[in-house]
Structures are given as structure tokens and as C-alpha cells.
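Encoded as C-alpha cells, the structure appears first; notes follow it.
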Amino acid sequence: MNKIFLYFLLFSCLPLFAQTTGTISGYIKDKSNGETLPFANIVFKGTKLGTSSNKDGYYAIPNLPYGTYQLSVSLLGYKTKLIEIEINKDIVKNFELESEAIQAKEVVVSAERIEQQKTTQTSRIIMQAE
């Protein structure tokens, strides 16, 4: 009888130890040449979860609760990529970003020089021999 109770207790606690979080990781690369992109931003929209890729373009976000998320990958000078992704296990997801020209408004720099009056002072010393 005690064995049956012990087995029942053991199997009823197993779901408490089941994994309910996952990890997403991968590399961010330039679509045109395949080079890795350091310091890209990877953010789950509507949450406070996110990271930046390291100097080798690698990123990893651990301990993500299972669910479906909007994932945004962005880097200055590249088009932002937005995808929907379901986290239900550990996932490796690589991204390729397309370069994009940055449009800025025209900047006009102008200055005026204040004219300075130059003066030269001369001095004269007369020495007499005794």
C-alpha cells in the first residue's frame, strides 16, 4: 500500500518539474555579403525581454516563457525585421538583414568671421657708448 502511495505521489509531482521556458539564439548577418552584424537589437514586442548581438553577431535570450511572440530585429542602417515566433522549446534562429540608406534632412552650416584689426607696434632703443 505504501508503494502505491509513493508511486502516486512521485508521478503527480512530475509536471511540476517539466520545462516551461525556452531559449532562442542564433546569428544576425548581412543579407548581401553574409558578414555577421555586431550589436543588433533583438526585442520581443510588448515585453521587457530582449538583447543585443555580441561582436560576433551572436545572440541568446534564455528563460523565455512558452508562448507566441512578435520578435523585432533591428540595426541602424538596416531594415527592421519583424516576425512572429512560437517558443515551445530551445530554438536556433538566424536572421539576415537588408541594408537600407538612412534618409536625413539637409544640414546647412554657416558662419561669419569677425575681422580683427592687426596692429604692429615698433620700439626703438638708442644706446650711446660712453
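Convention: chains lettered A, B, ... in C-alpha cells order; per-chain residue numbering from 1; ligands numbered from 1 as shown.
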Counting only C-alpha atoms, what is within 10 Å of Ile83 of chain A, bar same-chain residues fewer than 5 positions away, as a list in words? Phe44, Tyr69, Gln70, Leu71, Ser72 and Val73 of chain A
Export of prior selection with C-alpha atoms as a short mmCIF file (atom, residue, chain, number, x, y, z; two decimals), in the first residue's frame:
data_model
loop_
_atom_site.label_atom_id
_atom_site.label_comp_id
_atom_site.auth_asym_id
_atom_site.auth_seq_id
_atom_site.Cartn_x
_atom_site.Cartn_y
_atom_site.Cartn_z
CA PHE A 44 10.14 40.75 -28.04
CA TYR A 69 5.71 36.48 -29.59
CA GLN A 70 6.39 39.27 -32.08
CA LEU A 71 10.18 39.39 -32.47
CA SER A 72 11.87 42.52 -33.82
CA VAL A 73 15.47 42.54 -35.10
#
Name all residues at most 12 Å from Ile28 of chain A (count only C-alpha atoms; drop same-chain ones fewer than 2 positions away) and give them as an MDAnalysis selection string. chainID A and resid 25:26 30:31 34:42 52:60 72:75 78 80:81 92:98
Can you work out the spacing between atom CA of Thr23 of chain A and atom CA of Asn88 of chain A in Å, to one decimal?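 Interatomic distance, atom CA of Thr23 of chain A to atom CA of Asn88 of chain A: 9.1 Å.
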Can you work out the spacing between atom CA of Gly77 of chain A and atom CA of Glu100 of chain A in Å, to one decimal?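 Atom CA of Glu100 of chain A lies 5.3 Å from atom CA of Gly77 of chain A.
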Name the residues of segment 33-70 of chain A that fall into strand (DSSP E or B) according to DSSP on the backbone, using the chain letters and numbers of this document, as a PyMOL selection string. chain A and resi 36+41-44+50-52+58-65+67-70
For the structure I just gave you, how does DSSP split chain A - specifically, which residues are helix (DSSP H, G or I)? Reply as a list in words.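 Those residues are Asn2, Lys3, Ile4, Phe5, Leu6, Tyr7, Phe8, Leu9, Leu10, Phe11, Ser12, Cys13, Leu14, Pro15, Leu16 and Phe17 of chain A.
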To one decimal place, how far is atom CA of Leu49 of chain A from atom CA of Gly22 of chain A in Å? 12.9 Å
